[in-house]
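> input_24.pdb (PDB, C-alpha atoms, pLDDT in the B column) pasted underneath:
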ATOM      1  CA  MET A   5      93.184  72.206 127.566  1.00 77.00           C
ATOM      2  CA  ARG A   6      91.260  75.483 127.407  1.00 82.00           C
ATOM      3  CA  GLU A   7      91.128  78.164 124.723  1.00 85.00           C
ATOM      4  CA  LEU A   8      93.150  81.325 125.199  1.00 80.00           C
ATOM      5  CA  THR A   9      91.448  84.648 125.835  1.00 81.00           C
ATOM      6  CA  LEU A  10      92.125  87.644 123.607  1.00 79.00           C
ATOM      7  CA  ASP A  11      94.345  89.247 126.264  1.00 76.00           C
ATOM      8  CA  GLU A  12      96.421  86.072 126.592  1.00 76.00           C
ATOM      9  CA  ILE A  13      96.834  85.820 122.827  1.00 76.00           C
ATOM     10  CA  GLU A  14      98.031  89.430 122.616  1.00 71.00           C
ATOM     11  CA  GLN A  15     100.575  88.815 125.382  1.00 69.00           C
ATOM     12  CA  VAL A  16     102.193  85.787 123.752  1.00 69.00           C
ATOM     13  CA  SER A  17     101.843  86.706 120.067  1.00 70.00           C
ATOM     14  CA  GLY A  18     104.957  88.897 120.085  1.00 61.00           C
ATOM     15  CA  GLY A  19     105.625  92.066 118.168  1.00 59.00           C
ATOM     16  CA  GLY A  20     104.293  95.466 118.995  1.00 68.00           C
ATOM     17  CA  THR A  21     101.621  97.435 117.284  1.00 79.00           C
ATOM     18  CA  ILE A  22     103.926 100.375 116.618  1.00 86.00           C
ATOM     19  CA  GLY A  23     106.601  98.167 115.053  1.00 86.00           C
ATOM     20  CA  ASP A  24     104.075  96.285 112.954  1.00 87.00           C
ATOM     21  CA  PHE A  25     102.555  99.460 111.525  1.00 91.00           C
ATOM     22  CA  ALA A  26     106.021 100.986 110.978  1.00 93.00           C
ATOM     23  CA  ALA A  27     107.170  97.923 109.044  1.00 92.00           C
ATOM     24  CA  ASP A  28     104.043  97.867 106.900  1.00 93.00           C
ATOM     25  CA  GLY A  29     104.251 101.612 106.273  1.00 94.00           C
ATOM     26  CA  GLY A  30     107.931 101.358 105.374  1.00 95.00           C
ATOM     27  CA  ALA A  31     107.283  98.584 102.880  1.00 95.00           C
ATOM     28  CA  PHE A  32     104.396 100.454 101.296  1.00 95.00           C
ATOM     29  CA  GLY A  33     106.387 103.701 101.244  1.00 95.00           C
ATOM     30  CA  THR A  34     109.297 102.001  99.501  1.00 96.00           C
ATOM     31  CA  ILE A  35     107.029 100.740  96.745  1.00 95.00           C
ATOM     32  CA  VAL A  36     105.306 104.107  96.313  1.00 95.00           C
ATOM     33  CA  GLY A  37     108.647 105.975  96.363  1.00 94.00           C
ATOM     34  CA  THR A  38     110.034 103.692  93.703  1.00 95.00           C
ATOM     35  CA  LEU A  39     106.983 104.043  91.476  1.00 95.00           C
ATOM     36  CA  PHE A  40     106.900 107.833  91.685  1.00 94.00           C
ATOM     37  CA  THR A  41     110.615 108.591  91.315  1.00 93.00           C
ATOM     38  CA  ASN A  42     112.004 105.426  89.697  1.00 93.00           C
ATOM     39  CA  THR A  43     115.185 105.839  91.787  1.00 94.00           C
ATOM     40  CA  LEU A  44     116.743 104.167  94.804  1.00 94.00           C
ATOM     41  CA  ALA A  45     116.828 107.504  96.628  1.00 94.00           C
ATOM     42  CA  GLY A  46     113.088 107.870  96.136  1.00 94.00           C
ATOM     43  CA  ALA A  47     112.561 104.355  97.449  1.00 95.00           C
ATOM     44  CA  ALA A  48     114.619 105.145 100.549  1.00 95.00           C
ATOM     45  CA  ARG A  49     112.805 108.428 101.165  1.00 95.00           C
ATOM     46  CA  GLY A  50     109.434 106.778 100.648  1.00 95.00           C
ATOM     47  CA  GLY A  51     110.383 103.997 103.058  1.00 95.00           C
ATOM     48  CA  LEU A  52     111.443 106.471 105.732  1.00 96.00           C
ATOM     49  CA  VAL A  53     108.302 108.544 105.384  1.00 96.00           C
ATOM     50  CA  GLY A  54     106.107 105.447 105.301  1.00 95.00           C
ATOM     51  CA  ALA A  55     107.760 103.996 108.401  1.00 95.00           C
ATOM     52  CA  GLY A  56     107.342 107.282 110.261  1.00 95.00           C
ATOM     53  CA  MET A  57     103.702 107.541 109.307  1.00 96.00           C
ATOM     54  CA  GLY A  58     103.112 103.893 110.209  1.00 94.00           C
ATOM     55  CA  ALA A  59     104.750 104.312 113.611  1.00 93.00           C
ATOM     56  CA  SER A  60     102.686 107.427 114.252  1.00 94.00           C
ATOM     57  CA  PHE A  61      99.501 105.608 113.313  1.00 93.00           C
ATOM     58  CA  GLY A  62     100.499 102.637 115.501  1.00 90.00           C
ATOM     59  CA  ALA A  63     101.129 104.885 118.495  1.00 92.00           C
ATOM     60  CA  GLY A  64      97.763 106.565 118.019  1.00 92.00           C
ATOM     61  CA  HIS A  65      96.085 103.195 117.641  1.00 89.00           C
ATOM     62  CA  MET A  66      97.631 101.931 120.874  1.00 87.00           C
ATOM     63  CA  ALA A  67      96.718 105.095 122.774  1.00 90.00           C
ATOM     64  CA  GLY A  68      93.173 105.077 121.427  1.00 90.00           C
ATOM     65  CA  THR A  69      92.713 101.414 122.270  1.00 85.00           C
ATOM     66  CA  ALA A  70      94.052 101.909 125.792  1.00 86.00           C
ATOM     67  CA  LEU A  71      91.782 104.908 126.322  1.00 92.00           C
ATOM     68  CA  TYR A  72      88.777 103.003 124.995  1.00 91.00           C
ATOM     69  CA  ASP A  73      89.535 100.028 127.239  1.00 86.00           C
ATOM     70  CA  TRP A  74      89.962 102.315 130.250  1.00 89.00           C
ATOM     71  CA  LEU A  75      86.689 104.159 129.613  1.00 91.00           C
ATOM     72  CA  SER A  76      84.594 101.065 129.008  1.00 84.00           C
TER      73      SER A  76
END
What is this structure when it is put down as structure tokens?

Amino acid sequence: MRELTLDEIEQVSGGGTIGDFAADGGAFGTIVGTLFTNTLAGAARGGLVGAGMGASFGAGHMAGTALYDWLS
């Protein structure tokens, strides 16, 4: 049995970069929203903003990685 290459690991590992960053950003945003406002509405707003920022960062990360791979 041989070891998997990095490309093979990425193909079978599941989950997308955008979704992973959105989930992490949403979780972090919920915590920050709760701490700053001490309300459920603040937690929800913070989660939405965090998820949006995380998804945006994930999309940029994927595009940058693809561009780097294409250029090198």
> Determine the nearest neighbour of Ile35 in chain A from the options A:Ile22, A:Ala63, A:Leu71, A:Val53, counting all atoms listed in the file.
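The answer is A:Val53, which sits nearest to Ile35 in chain A.
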> Out of A:Thr34, A:Thr9, A:Thr21, A:Ser76, which residue has the shortest atom-to-atom distance to Leu52 in chain A when counting all atoms listed in the file?
A:Thr34
> For Gly56 in chain A, which of A:Thr38, A:Glu7, A:Trp74, A:Ala27 is the closest residue, counting all atoms listed in the file?
A:Ala27
> Give me the residues near Ala59 in chain A as a ChimeraX atom specification, where near means some atom within 8 Å (using only C-alpha atoms) and where sequence neighbours in that chain fewer than 4 positions away do not count.
/A:22-23,25-26,29,55,63
> Got a sec to resolve the PyMOL selection byres ((chain A and resi 49) around 12) on this structure and send the residues as a list of chain:residue names?
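On the file shown, the PyMOL selection byres ((chain A and resi 49) around 12) covers A:Gly30, A:Ala31, A:Phe32, A:Gly33, A:Thr34, A:Ile35, A:Val36, A:Gly37, A:Thr38, A:Phe40, A:Thr41, A:Asn42, A:Thr43, A:Leu44, A:Ala45, A:Gly46, A:Ala47, A:Ala48, A:Gly50, A:Gly51, A:Leu52, A:Val53, A:Gly54, A:Ala55, A:Gly56.
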> Output C-alpha atoms for every residue in that selection, as an mmCIF file, in the coordinates of the input.

data_model
loop_
_atom_site.group_PDB
_atom_site.id
_atom_site.type_symbol
_atom_site.label_atom_id
_atom_site.label_comp_id
_atom_site.auth_asym_id
_atom_site.auth_seq_id
_atom_site.Cartn_x
_atom_site.Cartn_y
_atom_site.Cartn_z
ATOM 1 C CA GLY A 30 107.931 101.358 105.374
ATOM 2 C CA ALA A 31 107.283 98.584 102.880
ATOM 3 C CA PHE A 32 104.396 100.454 101.296
ATOM 4 C CA GLY A 33 106.387 103.701 101.244
ATOM 5 C CA THR A 34 109.297 102.001 99.501
ATOM 6 C CA ILE A 35 107.029 100.740 96.745
ATOM 7 C CA VAL A 36 105.306 104.107 96.313
ATOM 8 C CA GLY A 37 108.647 105.975 96.363
ATOM 9 C CA THR A 38 110.034 103.692 93.703
ATOM 10 C CA PHE A 40 106.900 107.833 91.685
ATOM 11 C CA THR A 41 110.615 108.591 91.315
ATOM 12 C CA ASN A 42 112.004 105.426 89.697
ATOM 13 C CA THR A 43 115.185 105.839 91.787
ATOM 14 C CA LEU A 44 116.743 104.167 94.804
ATOM 15 C CA ALA A 45 116.828 107.504 96.628
ATOM 16 C CA GLY A 46 113.088 107.870 96.136
ATOM 17 C CA ALA A 47 112.561 104.355 97.449
ATOM 18 C CA ALA A 48 114.619 105.145 100.549
ATOM 19 C CA GLY A 50 109.434 106.778 100.648
ATOM 20 C CA GLY A 51 110.383 103.997 103.058
ATOM 21 C CA LEU A 52 111.443 106.471 105.732
ATOM 22 C CA VAL A 53 108.302 108.544 105.384
ATOM 23 C CA GLY A 54 106.107 105.447 105.301
ATOM 24 C CA ALA A 55 107.760 103.996 108.401
ATOM 25 C CA GLY A 56 107.342 107.282 110.261
#
> What gap, in Å, lies between CA of His65 in chain A and CA of Leu10 in chain A?
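Between CA of His65 in chain A and CA of Leu10 in chain A the gap is 17.1 Å.
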> With all atoms listed in the file as the basis for distance, which of A:Met57, A:Met5, A:Ala67, A:Leu39 is at the shortest distance from Asp24 in chain A?
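The shortest atom-to-atom distance to Asp24 in chain A comes from A:Met57.
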> Expressed in Å to a single decimal, how great is the separation between CA of Glu14 in chain A and CA of Tyr72 in chain A?
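According to the coordinates, CA of Glu14 in chain A and CA of Tyr72 in chain A are separated by 16.6 Å.
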